[in-house]
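K.L.:
Could you have a look at this structure, given as structure tokens, before my questions?
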Number of protein chains: 2
Amino acid sequence: MTRTPGSKKAETHAGIVKTAARALRRSGAAGVAVADVMQQAGLTHGGFYAHFASRDAMLAEAAEQAAGESLASLTRAVERRPHPQTPLQALVQAYLSERHLQTPDRGCLLAAMGTDLQRASPALRQVATAQIRQMLETVRAQLPPGDRAERDAAAVMTLSAMVGAMVIARAVDDDAFAAQVLADTRERLAANAAPP
Amino acid sequence: MTRTPGSKKAETHAGIVKTAARALRRSGAAGVAVADVMQQAGLTHGGFYAHFASRDAMLAEAAEQAAGESLASLTRAVERRPHPQTPLQALVQAYLSERHLQTPDRGCLLAAMGTDLQRASPALRQVATAQIRQMLETVRAQLPPGDRAERDAAAVMTLSAMVGAMVIARAVDDDAFAAQVLADTRERLAANAAPP
DNA sequence: GTCATAATATGATGATCATCATATTTTTGA
DNA sequence: TCAAAAATATGATGATCATCATATTATGAC
């Protein structure tokens with residue numbers, strides 16, 4: 001009835017979701033093929049519907065996994081920041097880094113497939129909405145003090161700029177231009193955060 | 001040999017491109033089907049390859065059309081701004097408007113399918129890169145004076161925030177939240193632009 | 001070790017889609 | 001008006017893909 005102890009199914013399921021979370025960021029929502037994900041997870045396509053009600057359901061789980069991973073990675077970057085850096089600087093630098101630019105499949109879901117969400121299934125959008133709220137909360141927690149509305153607005157603007165800059169940097173076919181977009185946005189966000 | 005005067009082919013071609021420019025923003029790069037575009041343009045699918053070497057080639061032309069349309073619309077908004085508004089305010093308000101939120105197929109290409117570009121054909125990326133440079137130039141032209149590097153950086157940050165905010169606002173499944181994201185970003189960008 | 005059952009694999013099925021070959025219609029120059 | 005050329009339509013073809021039906025294999029209780 002409930003899950004037998006020692007059952008392997010949950011592990012297999014989690015493996016598929018992890019694989020799908022990478023695929024979703026590498027290929028976008030429309031680019032994820034059920035059979036490909038199963039193969040990359042070391043399985044064949046047939047067992048898929050023993051794990052998910054539909055491809056959409058898998059994508060929703062994958063999105064949650066992906067967003068969780070990248071939020072954890074940002075939090076880690078803030079915790080392990082080198083001494084002179086403020087928490088906000090650490091967060092912004094980690095997000096707008098060369099490393100993040102080059103590894104979409106390990107990074108932020110929004111930067112990888114954010115524009116697919118406006119066309120996505122309700123389940124996927126719901127997951128994404130919750131994750132966006134969490135990201136905003138994480139950014140807000142690093143901001144200097146101020147009244148509530150002001151901090152909220154600053155968090156929204158900061159997250160928007162981070163996401164937009166990464167979308168643009170990944171879109172262009174000129175590496176130097178991409179690097180400049182990231183550098184300029186990092187610099188201006190830092191300037192905003194610390195007005196001396 | 002060259003185009004006969006009075007030939008209708010160029011008009012038909014332009015019509016297909018215009019239709020495709022809408023479809024590209026409505027459905028994303030992966031969602032545009034050749035036969036659908038042709039039908040929406042009032043034609044059948046068979047003639048397609050008399051107009052384009054491939055689907056990719058059509059998408060590249062469509063992207064150029066789309067970006068041109070939306071840049072023109074932004075420029076118009078700046079020119080026709082009501083009196084007390086600065087040019088930058090007019091631009092930001094037009095971009096981060098409820099109207100733009102609701103009509104992706106008439107708006108900014110980046111907000112509609114920006115995250116597809118990292119996976120797009122070289123031809124499409126090249127068009128997109130050129131259009132991003134033009135958008136940056138347009139933003140820069142509205143900024144208050146300052147040295148060159150400073151204005152460039154401010155333009156990059158402003159465009160990034162505009163694009164990111166629209167991507168986020170369209171992604172979420174909560175209208176009030178979406179409106180708040182736009183409002184907060186508008187407010188903070190205005191504050192940045194006019195530091196008294 | 002054996003058997004019931006859970007988990008996974010094999011192998012369709014029908015739909016969608018880009019592309020192309022060929023036929024038909026429209027246009028144009030005389 | 002009429003035929004050559006241009007433009008568009010009709011109708012494959014083969015590929016990809018989500019989903020499902022059925023067969024096979026692995027697992028754990030006894």
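By convention in this document, the chains of the structure tokens carry letters A, B, ... by their order, each chain's residues are numbered from 1, and ligands are numbered from 1 in the order they are shown.
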Near DT13 of chain D, within 12 Å and counting only C-alpha atoms (C1' of nucleotides), which residues show up once chain neighbours fewer than 2 positions away are dropped, as a ChimeraX atom specification?

P.N.:
/C:17-21 /D:11,15

K.L.:
Only residues of chain C matter here; which ones have an atom within 9 Å of chain A, counting only C-alpha atoms (C1' of nucleotides)? Give them as an mmCIF file with N, CA, C and O atoms (P, O5', C5', C4', C3', O3' and C1' of nucleotides), in the first residue's frame.

P.N.:
```cif
data_model
loop_
_atom_site.group_PDB
_atom_site.id
_atom_site.type_symbol
_atom_site.label_atom_id
_atom_site.label_comp_id
_atom_site.auth_asym_id
_atom_site.auth_seq_id
_atom_site.Cartn_x
_atom_site.Cartn_y
_atom_site.Cartn_z
ATOM 1 P P DA C 6 2.127 -4.748 -5.823
ATOM 2 O "O5'" DA C 6 3.476 -3.899 -5.900
ATOM 3 C "C5'" DA C 6 4.536 -4.246 -5.014
ATOM 4 C "C4'" DA C 6 5.869 -3.908 -5.645
ATOM 5 C "C3'" DA C 6 5.875 -2.579 -6.407
ATOM 6 O "O3'" DA C 6 7.108 -1.943 -6.114
ATOM 7 C "C1'" DA C 6 6.526 -4.327 -7.864
ATOM 8 P P DA C 7 7.410 -0.466 -6.610
ATOM 9 O "O5'" DA C 7 8.307 -0.721 -7.893
ATOM 10 C "C5'" DA C 7 9.547 -1.393 -7.729
ATOM 11 C "C4'" DA C 7 10.183 -1.634 -9.080
ATOM 12 C "C3'" DA C 7 10.247 -0.394 -9.988
ATOM 13 O "O3'" DA C 7 11.613 -0.136 -10.259
ATOM 14 C "C1'" DA C 7 9.469 -2.308 -11.182
ATOM 15 P P DT C 8 12.037 1.088 -11.199
ATOM 16 O "O5'" DT C 8 12.139 0.370 -12.632
ATOM 17 C "C5'" DT C 8 13.089 -0.674 -12.810
ATOM 18 C "C4'" DT C 8 12.884 -1.323 -14.149
ATOM 19 C "C3'" DT C 8 13.040 -0.392 -15.350
ATOM 20 O "O3'" DT C 8 14.131 -0.862 -16.121
ATOM 21 C "C1'" DT C 8 11.174 -1.840 -15.600
ATOM 22 P P DA C 9 14.528 -0.155 -17.475
ATOM 23 O "O5'" DA C 9 13.963 -1.170 -18.554
ATOM 24 C "C5'" DA C 9 14.423 -2.511 -18.554
ATOM 25 C "C4'" DA C 9 13.748 -3.296 -19.667
ATOM 26 C "C3'" DA C 9 13.896 -2.683 -21.063
ATOM 27 O "O3'" DA C 9 14.329 -3.695 -21.967
ATOM 28 C "C1'" DA C 9 11.597 -3.045 -20.561
ATOM 29 P P DT C 10 14.737 -3.337 -23.447
ATOM 30 O "O5'" DT C 10 13.562 -3.894 -24.362
ATOM 31 C "C5'" DT C 10 12.847 -5.037 -23.948
ATOM 32 C "C4'" DT C 10 11.685 -5.317 -24.889
ATOM 33 C "C3'" DT C 10 11.830 -4.783 -26.310
ATOM 34 O "O3'" DT C 10 11.369 -5.794 -27.201
ATOM 35 C "C1'" DT C 10 9.843 -3.939 -25.356
#
```

K.L.:
At a cut-off of 7 Å, using only C-alpha atoms (C1' of nucleotides), what residues contact segment 106-108 of chain A? Leave out same-chain residues fewer than 2 positions from it and give the result as a PyMOL selection string.

P.N.:
chain A and resi 22+67+70+100+103-104+110-112

K.L.:
Put those residues in a file: N, CA and C atoms, as an mmCIF file, in the first residue's frame.

P.N.:
```cif
data_model
loop_
_atom_site.group_PDB
_atom_site.id
_atom_site.type_symbol
_atom_site.label_atom_id
_atom_site.label_comp_id
_atom_site.auth_asym_id
_atom_site.auth_seq_id
_atom_site.Cartn_x
_atom_site.Cartn_y
_atom_site.Cartn_z
ATOM 1 N N ARG A 22 18.016 18.992 -15.013
ATOM 2 C CA ARG A 22 19.115 19.440 -15.868
ATOM 3 C C ARG A 22 18.611 19.674 -17.284
ATOM 4 N N ALA A 67 14.876 24.714 -9.214
ATOM 5 C CA ALA A 67 14.853 25.962 -8.464
ATOM 6 C C ALA A 67 15.428 25.747 -7.063
ATOM 7 N N SER A 70 19.276 25.666 -7.299
ATOM 8 C CA SER A 70 19.984 26.908 -7.563
ATOM 9 C C SER A 70 19.826 27.886 -6.399
ATOM 10 N N HIS A 100 28.167 30.900 -13.833
ATOM 11 C CA HIS A 100 26.728 30.743 -14.029
ATOM 12 C C HIS A 100 26.363 30.933 -15.506
ATOM 13 N N THR A 103 27.061 27.620 -17.359
ATOM 14 C CA THR A 103 26.434 26.349 -16.961
ATOM 15 C C THR A 103 24.944 26.527 -16.676
ATOM 16 N N PRO A 104 24.188 26.785 -17.713
ATOM 17 C CA PRO A 104 22.751 27.001 -17.523
ATOM 18 C C PRO A 104 22.073 25.802 -16.875
ATOM 19 N N LEU A 110 14.934 30.504 -14.012
ATOM 20 C CA LEU A 110 14.397 31.654 -14.743
ATOM 21 C C LEU A 110 15.327 32.070 -15.878
ATOM 22 N N ALA A 111 16.617 32.077 -15.606
ATOM 23 C CA ALA A 111 17.563 32.469 -16.649
ATOM 24 C C ALA A 111 17.620 31.418 -17.747
ATOM 25 N N ALA A 112 17.297 30.186 -17.405
ATOM 26 C CA ALA A 112 17.392 29.100 -18.383
ATOM 27 C C ALA A 112 16.143 28.955 -19.236
#
```

K.L.:
Please tabulate, as CSV, the residues of chain D that come within 9 Å of chain B, each with its closest pair of atoms and the distance in Å to one decimal, counting only C-alpha atoms (C1' of nucleotides) and ordering rows by chain, then residue number upward.

P.N.:
```
residue,atom,partner,partner_atom,distance
D:DA7,C1',B:Lys9,CA,7.3
D:DT8,C1',B:Gly47,CA,5.6
D:DA9,C1',B:Gly46,CA,6.4
D:DT10,C1',B:Gly46,CA,7.9
```

K.L.:
Save out the residues we just selected, all heavy atoms, as a PDB file, in the first residue's frame.

P.N.:
```pdb
ATOM      1  P    DA D   7       7.508  35.374 -58.426  1.00  0.00           P
ATOM      2  OP1  DA D   7       7.479  36.785 -58.015  1.00  0.00           O
ATOM      3  OP2  DA D   7       8.698  34.543 -58.180  1.00  0.00           O
ATOM      4  O5'  DA D   7       6.240  34.647 -57.788  1.00  0.00           O
ATOM      5  C5'  DA D   7       4.948  35.183 -58.076  1.00  0.00           C
ATOM      6  C4'  DA D   7       3.883  34.256 -57.554  1.00  0.00           C
ATOM      7  O4'  DA D   7       3.848  33.054 -58.354  1.00  0.00           O
ATOM      8  C3'  DA D   7       4.060  33.802 -56.103  1.00  0.00           C
ATOM      9  O3'  DA D   7       2.933  34.266 -55.373  1.00  0.00           O
ATOM     10  C2'  DA D   7       4.139  32.272 -56.183  1.00  0.00           C
ATOM     11  C1'  DA D   7       3.500  31.966 -57.520  1.00  0.00           C
ATOM     12  N9   DA D   7       4.001  30.777 -58.202  1.00  0.00           N
ATOM     13  C8   DA D   7       5.296  30.471 -58.498  1.00  0.00           C
ATOM     14  N7   DA D   7       5.447  29.330 -59.139  1.00  0.00           N
ATOM     15  C5   DA D   7       4.153  28.853 -59.276  1.00  0.00           C
ATOM     16  C6   DA D   7       3.640  27.687 -59.860  1.00  0.00           C
ATOM     17  N6   DA D   7       4.396  26.756 -60.451  1.00  0.00           N
ATOM     18  N1   DA D   7       2.298  27.511 -59.820  1.00  0.00           N
ATOM     19  C2   DA D   7       1.531  28.451 -59.228  1.00  0.00           C
ATOM     20  N3   DA D   7       1.917  29.587 -58.650  1.00  0.00           N
ATOM     21  C4   DA D   7       3.250  29.727 -58.699  1.00  0.00           C
ATOM     22  P    DT D   8       2.831  33.931 -53.799  1.00  0.00           P
ATOM     23  OP1  DT D   8       1.986  34.991 -53.217  1.00  0.00           O
ATOM     24  OP2  DT D   8       4.168  33.636 -53.259  1.00  0.00           O
ATOM     25  O5'  DT D   8       1.975  32.587 -53.791  1.00  0.00           O
ATOM     26  C5'  DT D   8       0.674  32.605 -54.353  1.00  0.00           C
ATOM     27  C4'  DT D   8       0.117  31.207 -54.417  1.00  0.00           C
ATOM     28  O4'  DT D   8       0.967  30.381 -55.249  1.00  0.00           O
ATOM     29  C3'  DT D   8       0.022  30.491 -53.075  1.00  0.00           C
ATOM     30  O3'  DT D   8      -1.350  30.193 -52.850  1.00  0.00           O
ATOM     31  C2'  DT D   8       0.862  29.220 -53.257  1.00  0.00           C
ATOM     32  C1'  DT D   8       0.885  29.060 -54.766  1.00  0.00           C
ATOM     33  N1   DT D   8       2.034  28.304 -55.332  1.00  0.00           N
ATOM     34  C2   DT D   8       1.785  27.159 -56.049  1.00  0.00           C
ATOM     35  O2   DT D   8       0.663  26.722 -56.250  1.00  0.00           O
ATOM     36  N3   DT D   8       2.914  26.526 -56.533  1.00  0.00           N
ATOM     37  C4   DT D   8       4.212  26.923 -56.375  1.00  0.00           C
ATOM     38  O4   DT D   8       5.137  26.275 -56.860  1.00  0.00           O
ATOM     39  C5   DT D   8       4.409  28.131 -55.608  1.00  0.00           C
ATOM     40  C7   DT D   8       5.793  28.667 -55.378  1.00  0.00           C
ATOM     41  C6   DT D   8       3.319  28.765 -55.128  1.00  0.00           C
ATOM     42  P    DA D   9      -1.804  29.351 -51.552  1.00  0.00           P
ATOM     43  OP1  DA D   9      -3.089  29.912 -51.109  1.00  0.00           O
ATOM     44  OP2  DA D   9      -0.672  29.229 -50.620  1.00  0.00           O
ATOM     45  O5'  DA D   9      -2.106  27.911 -52.188  1.00  0.00           O
ATOM     46  C5'  DA D   9      -3.068  27.805 -53.234  1.00  0.00           C
ATOM     47  C4'  DA D   9      -3.226  26.349 -53.650  1.00  0.00           C
ATOM     48  O4'  DA D   9      -1.994  25.908 -54.268  1.00  0.00           O
ATOM     49  C3'  DA D   9      -3.516  25.390 -52.503  1.00  0.00           C
ATOM     50  O3'  DA D   9      -4.613  24.558 -52.867  1.00  0.00           O
ATOM     51  C2'  DA D   9      -2.228  24.591 -52.337  1.00  0.00           C
ATOM     52  C1'  DA D   9      -1.588  24.671 -53.713  1.00  0.00           C
ATOM     53  N9   DA D   9      -0.122  24.695 -53.689  1.00  0.00           N
ATOM     54  C8   DA D   9       0.667  25.663 -53.137  1.00  0.00           C
ATOM     55  N7   DA D   9       1.959  25.438 -53.291  1.00  0.00           N
ATOM     56  C5   DA D   9       2.010  24.247 -53.991  1.00  0.00           C
ATOM     57  C6   DA D   9       3.088  23.471 -54.462  1.00  0.00           C
ATOM     58  N6   DA D   9       4.361  23.802 -54.295  1.00  0.00           N
ATOM     59  N1   DA D   9       2.798  22.330 -55.129  1.00  0.00           N
ATOM     60  C2   DA D   9       1.515  22.004 -55.299  1.00  0.00           C
ATOM     61  N3   DA D   9       0.416  22.649 -54.904  1.00  0.00           N
ATOM     62  C4   DA D   9       0.741  23.773 -54.251  1.00  0.00           C
ATOM     63  P    DT D  10      -5.253  23.548 -51.789  1.00  0.00           P
ATOM     64  OP1  DT D  10      -6.713  23.664 -51.976  1.00  0.00           O
ATOM     65  OP2  DT D  10      -4.638  23.802 -50.476  1.00  0.00           O
ATOM     66  O5'  DT D  10      -4.800  22.096 -52.264  1.00  0.00           O
ATOM     67  C5'  DT D  10      -4.616  21.841 -53.645  1.00  0.00           C
ATOM     68  C4'  DT D  10      -4.053  20.449 -53.844  1.00  0.00           C
ATOM     69  O4'  DT D  10      -2.604  20.517 -53.909  1.00  0.00           O
ATOM     70  C3'  DT D  10      -4.371  19.422 -52.759  1.00  0.00           C
ATOM     71  O3'  DT D  10      -4.725  18.209 -53.403  1.00  0.00           O
ATOM     72  C2'  DT D  10      -3.076  19.299 -51.966  1.00  0.00           C
ATOM     73  C1'  DT D  10      -2.033  19.556 -53.049  1.00  0.00           C
ATOM     74  N1   DT D  10      -0.750  20.149 -52.573  1.00  0.00           N
ATOM     75  C2   DT D  10       0.440  19.607 -53.003  1.00  0.00           C
ATOM     76  O2   DT D  10       0.499  18.649 -53.746  1.00  0.00           O
ATOM     77  N3   DT D  10       1.565  20.241 -52.521  1.00  0.00           N
ATOM     78  C4   DT D  10       1.607  21.334 -51.682  1.00  0.00           C
ATOM     79  O4   DT D  10       2.676  21.807 -51.324  1.00  0.00           O
ATOM     80  C5   DT D  10       0.331  21.847 -51.266  1.00  0.00           C
ATOM     81  C7   DT D  10       0.274  23.029 -50.364  1.00  0.00           C
ATOM     82  C6   DT D  10      -0.776  21.242 -51.723  1.00  0.00           C
TER      83       DT D  10
END
```

K.L.:
Distance limit 8 Å, atoms considered: only C-alpha atoms. Which chain A residues sit that close to chain B? Return them as a compact mmCIF listing (two decimals) with N, CA, C and O atoms, in the first residue's frame.

P.N.:
```txt
# COMPACT_ATOMS: atom_id res chain seq x y z
N SER A 27 17.59 22.52 -22.23
CA SER A 27 16.83 22.46 -23.48
C SER A 27 15.54 23.26 -23.50
O SER A 27 14.89 23.34 -24.53
N GLY A 28 15.16 23.83 -22.36
CA GLY A 28 13.91 24.56 -22.32
C GLY A 28 12.73 23.62 -22.19
O GLY A 28 12.86 22.41 -22.38
N ALA A 30 10.03 23.13 -23.99
CA ALA A 30 9.60 22.41 -25.18
C ALA A 30 10.65 21.40 -25.64
O ALA A 30 10.34 20.47 -26.38
N GLY A 31 11.87 21.57 -25.20
CA GLY A 31 12.95 20.73 -25.69
C GLY A 31 13.19 19.46 -24.90
O GLY A 31 14.05 18.65 -25.25
N LEU A 110 14.93 30.50 -14.01
CA LEU A 110 14.40 31.65 -14.74
C LEU A 110 15.33 32.07 -15.88
O LEU A 110 14.87 32.39 -16.98
N ALA A 111 16.62 32.08 -15.61
CA ALA A 111 17.56 32.47 -16.65
C ALA A 111 17.62 31.42 -17.75
O ALA A 111 17.95 31.71 -18.89
N ALA A 112 17.30 30.19 -17.41
CA ALA A 112 17.39 29.10 -18.38
C ALA A 112 16.14 28.96 -19.24
O ALA A 112 16.23 28.67 -20.43
N MET A 113 14.97 29.13 -18.61
CA MET A 113 13.73 28.93 -19.39
C MET A 113 12.60 29.83 -18.91
O MET A 113 11.43 29.49 -19.07
N GLY A 114 12.95 30.99 -18.37
CA GLY A 114 11.95 31.89 -17.81
C GLY A 114 10.87 32.31 -18.79
O GLY A 114 9.69 32.42 -18.42
N THR A 115 11.24 32.52 -20.03
CA THR A 115 10.22 32.98 -20.98
C THR A 115 9.30 31.85 -21.43
O THR A 115 8.28 32.09 -22.07
N ASP A 116 9.64 30.60 -21.12
CA ASP A 116 8.71 29.50 -21.40
C ASP A 116 7.55 29.49 -20.41
O ASP A 116 6.51 28.90 -20.70
N LEU A 117 7.75 30.10 -19.27
CA LEU A 117 6.75 29.95 -18.20
C LEU A 117 5.42 30.58 -18.55
O LEU A 117 4.37 30.08 -18.16
N GLN A 118 5.44 31.67 -19.30
CA GLN A 118 4.19 32.32 -19.69
C GLN A 118 3.31 31.40 -20.55
O GLN A 118 2.13 31.64 -20.71
N ARG A 119 3.91 30.35 -21.12
CA ARG A 119 3.19 29.39 -21.96
C ARG A 119 3.06 28.02 -21.30
O ARG A 119 2.60 27.07 -21.93
N PRO A 122 -0.43 25.09 -15.95
CA PRO A 122 -0.70 25.68 -14.64
C PRO A 122 0.17 25.09 -13.54
O PRO A 122 0.66 25.83 -12.67
N ARG A 125 3.63 26.64 -13.78
CA ARG A 125 3.62 28.06 -13.39
C ARG A 125 3.48 28.23 -11.89
O ARG A 125 4.06 29.13 -11.29
N GLN A 126 2.69 27.35 -11.30
CA GLN A 126 2.48 27.46 -9.86
C GLN A 126 3.78 27.20 -9.11
O GLN A 126 4.15 27.94 -8.19
N ALA A 128 6.74 27.62 -10.33
CA ALA A 128 7.64 28.73 -10.63
C ALA A 128 7.30 29.95 -9.78
O ALA A 128 8.19 30.65 -9.28
N THR A 129 6.02 30.22 -9.62
CA THR A 129 5.61 31.37 -8.82
C THR A 129 6.11 31.25 -7.39
O THR A 129 6.66 32.20 -6.81
N ILE A 132 9.80 31.88 -7.31
CA ILE A 132 10.14 33.30 -7.47
C ILE A 132 9.96 34.03 -6.14
O ILE A 132 10.78 34.85 -5.73
N ASP A 152 11.13 45.65 -0.23
CA ASP A 152 10.46 44.79 -1.21
C ASP A 152 10.76 45.26 -2.64
O ASP A 152 11.11 44.45 -3.51
N ALA A 153 10.62 46.55 -2.83
CA ALA A 153 10.84 47.08 -4.17
C ALA A 153 12.30 46.89 -4.60
O ALA A 153 12.58 46.52 -5.75
N ALA A 154 13.20 47.11 -3.67
CA ALA A 154 14.62 46.93 -4.00
C ALA A 154 14.92 45.48 -4.34
O ALA A 154 15.69 45.18 -5.26
N VAL A 156 12.82 43.30 -5.63
CA VAL A 156 12.24 43.03 -6.96
C VAL A 156 13.16 43.56 -8.06
O VAL A 156 13.46 42.86 -9.04
N MET A 157 13.62 44.79 -7.88
CA MET A 157 14.48 45.37 -8.90
C MET A 157 15.78 44.60 -9.02
O MET A 157 16.26 44.34 -10.13
N THR A 158 16.34 44.21 -7.91
CA THR A 158 17.61 43.49 -7.93
C THR A 158 17.45 42.13 -8.64
O THR A 158 18.25 41.78 -9.51
N LEU A 159 16.42 41.41 -8.26
CA LEU A 159 16.21 40.11 -8.91
C LEU A 159 15.93 40.29 -10.41
O LEU A 159 16.47 39.55 -11.25
N SER A 160 15.12 41.27 -10.73
CA SER A 160 14.83 41.53 -12.15
C SER A 160 16.11 41.79 -12.93
O SER A 160 16.32 41.23 -14.01
N ALA A 161 16.95 42.63 -12.38
CA ALA A 161 18.19 42.97 -13.09
C ALA A 161 19.10 41.75 -13.22
O ALA A 161 19.72 41.54 -14.27
N MET A 162 19.16 40.94 -12.19
CA MET A 162 20.00 39.74 -12.26
C MET A 162 19.50 38.80 -13.36
O MET A 162 20.27 38.33 -14.20
N VAL A 163 18.21 38.54 -13.33
CA VAL A 163 17.63 37.61 -14.32
C VAL A 163 17.78 38.18 -15.73
O VAL A 163 18.25 37.50 -16.65
N GLY A 164 17.41 39.45 -15.89
CA GLY A 164 17.49 40.06 -17.22
C GLY A 164 18.91 40.08 -17.76
O GLY A 164 19.14 39.79 -18.94
N ALA A 165 19.86 40.40 -16.90
CA ALA A 165 21.25 40.45 -17.36
C ALA A 165 21.72 39.07 -17.82
O ALA A 165 22.40 38.94 -18.84
N VAL A 167 19.83 36.58 -18.92
CA VAL A 167 19.12 36.26 -20.17
C VAL A 167 19.82 36.93 -21.35
O VAL A 167 20.08 36.29 -22.38
N ILE A 168 20.14 38.20 -21.18
CA ILE A 168 20.78 38.93 -22.28
C ILE A 168 22.18 38.38 -22.54
O ILE A 168 22.57 38.15 -23.69
N ARG A 170 23.37 35.48 -22.06
CA ARG A 170 23.34 34.17 -22.72
C ARG A 170 22.82 34.27 -24.14
O ARG A 170 23.09 33.42 -24.98
N ALA A 171 22.03 35.29 -24.41
CA ALA A 171 21.43 35.40 -25.73
C ALA A 171 22.44 35.83 -26.78
O ALA A 171 22.39 35.35 -27.91
N VAL A 172 23.35 36.72 -26.43
CA VAL A 172 24.22 37.31 -27.44
C VAL A 172 25.29 36.33 -27.90
O VAL A 172 25.69 35.42 -27.17
N ASP A 173 25.76 36.54 -29.14
CA ASP A 173 26.73 35.61 -29.72
C ASP A 173 28.14 36.20 -29.65
O ASP A 173 29.00 35.87 -30.46
N ASP A 174 28.37 37.06 -28.67
CA ASP A 174 29.66 37.75 -28.55
C ASP A 174 30.07 37.67 -27.08
O ASP A 174 29.47 38.29 -26.20
N VAL A 181 28.02 42.84 -20.10
CA VAL A 181 26.66 42.94 -19.54
C VAL A 181 26.66 42.50 -18.09
O VAL A 181 26.09 43.17 -17.20
N ASP A 184 28.73 45.13 -15.94
CA ASP A 184 28.01 46.40 -15.74
C ASP A 184 26.87 46.23 -14.73
O ASP A 184 26.65 47.10 -13.88
N THR A 185 26.15 45.15 -14.85
CA THR A 185 25.02 44.95 -13.94
C THR A 185 25.51 44.70 -12.51
O THR A 185 24.95 45.25 -11.56
N GLU A 187 28.20 45.86 -11.20
CA GLU A 187 28.71 47.13 -10.69
C GLU A 187 27.58 48.05 -10.25
O GLU A 187 27.59 48.60 -9.15
N ARG A 188 26.57 48.19 -11.11
CA ARG A 188 25.48 49.10 -10.77
C ARG A 188 24.65 48.60 -9.61
O ARG A 188 24.14 49.40 -8.81
N LEU A 189 24.47 47.30 -9.50
CA LEU A 189 23.70 46.77 -8.38
C LEU A 189 24.46 46.99 -7.07
O LEU A 189 23.87 47.32 -6.04
```

K.L.:
If DSSP is run on the backbone, what residues of segment 12-178 of chain A are alpha helix (DSSP H)? A reply as a PyMOL selection string would be ideal.

P.N.:
chain A and resi 12-27+34-40+48-51+55-79+87-95+98-102+109-113+122-141+148-171+175-178

K.L.:
Set the distance at 12 Å and use only C-alpha atoms (C1' of nucleotides): which residues neighbour DT16 of chain C once local chain neighbours fewer than 6 positions away are removed? I'd like the list as a list in words.

P.N.:
Gly31, Ala33, Val34, Ala35 and Asp36 of chain B; DA15, DT16, DC17 and DA18 of chain D

K.L.:
Deliver the residues from the most recent selection as a file, using N, CA and C atoms (P, O5', C5', C4', C3', O3' and C1' of nucleotides), as a tab-separated table (two decimals), in the first residue's frame.

P.N.:
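out_36.tsv written:
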```
chain	number	residue	atom	x	y	z
B	31	GLY	N	7.82	26.77	-30.58
B	31	GLY	CA	6.38	26.63	-30.78
B	31	GLY	C	5.85	27.11	-32.11
B	33	ALA	N	5.11	26.71	-35.79
B	33	ALA	CA	5.00	25.67	-36.81
B	33	ALA	C	4.82	26.32	-38.18
B	34	VAL	N	5.59	25.85	-39.13
B	34	VAL	CA	5.56	26.40	-40.47
B	34	VAL	C	4.13	26.45	-41.03
B	35	ALA	N	3.43	25.35	-40.93
B	35	ALA	CA	2.09	25.29	-41.53
B	35	ALA	C	1.14	26.27	-40.84
B	36	ASP	N	1.30	26.44	-39.53
B	36	ASP	CA	0.44	27.39	-38.81
B	36	ASP	C	0.68	28.82	-39.28
D	15	DA	P	13.71	8.53	-41.70
D	15	DA	O5'	13.96	9.56	-40.52
D	15	DA	C5'	13.97	10.96	-40.79
D	15	DA	C4'	13.36	11.72	-39.62
D	15	DA	C3'	13.56	11.04	-38.26
D	15	DA	O3'	14.36	11.86	-37.43
D	15	DA	C1'	11.29	11.76	-38.57
D	16	DT	P	14.73	11.35	-35.95
D	16	DT	O5'	13.60	12.05	-35.05
D	16	DT	C5'	13.29	13.42	-35.25
D	16	DT	C4'	12.15	13.82	-34.33
D	16	DT	C3'	12.29	13.24	-32.90
D	16	DT	O3'	12.07	14.29	-31.98
D	16	DT	C1'	10.15	12.73	-33.79
D	17	DC	P	12.42	14.11	-30.44
D	17	DC	O5'	10.98	13.82	-29.82
D	17	DC	C5'	9.90	14.72	-30.13
D	17	DC	C4'	8.59	14.14	-29.65
D	17	DC	C3'	8.68	13.39	-28.32
D	17	DC	O3'	8.01	14.15	-27.33
D	17	DC	C1'	7.34	12.23	-29.92
D	18	DA	P	8.16	13.76	-25.79
D	18	DA	O5'	6.66	13.36	-25.39
D	18	DA	C5'	5.65	14.32	-25.56
D	18	DA	C4'	4.29	13.66	-25.49
D	18	DA	C3'	3.99	12.97	-24.16
D	18	DA	O3'	2.64	13.26	-23.79
D	18	DA	C1'	3.88	11.38	-25.93
```

K.L.:
Measure the distance from atom CA of Leu24 of chain B to atom CA of Ala66 of chain B in Å and round it to one decimal.

P.N.:
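Between atom CA of Leu24 of chain B and atom CA of Ala66 of chain B the gap is 8.3 Å.
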
K.L.:
What is the distance between atom CA of Ala20 of chain B and atom CA of Tyr95 of chain B, in Å to one decimal?

P.N.:
22.0 Å

K.L.:
Suppose you want the space between atom CA of Glu61 of chain B and atom CA of Val17 of chain B; what is it in Å?

P.N.:
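A separation of 6.5 Å between them.
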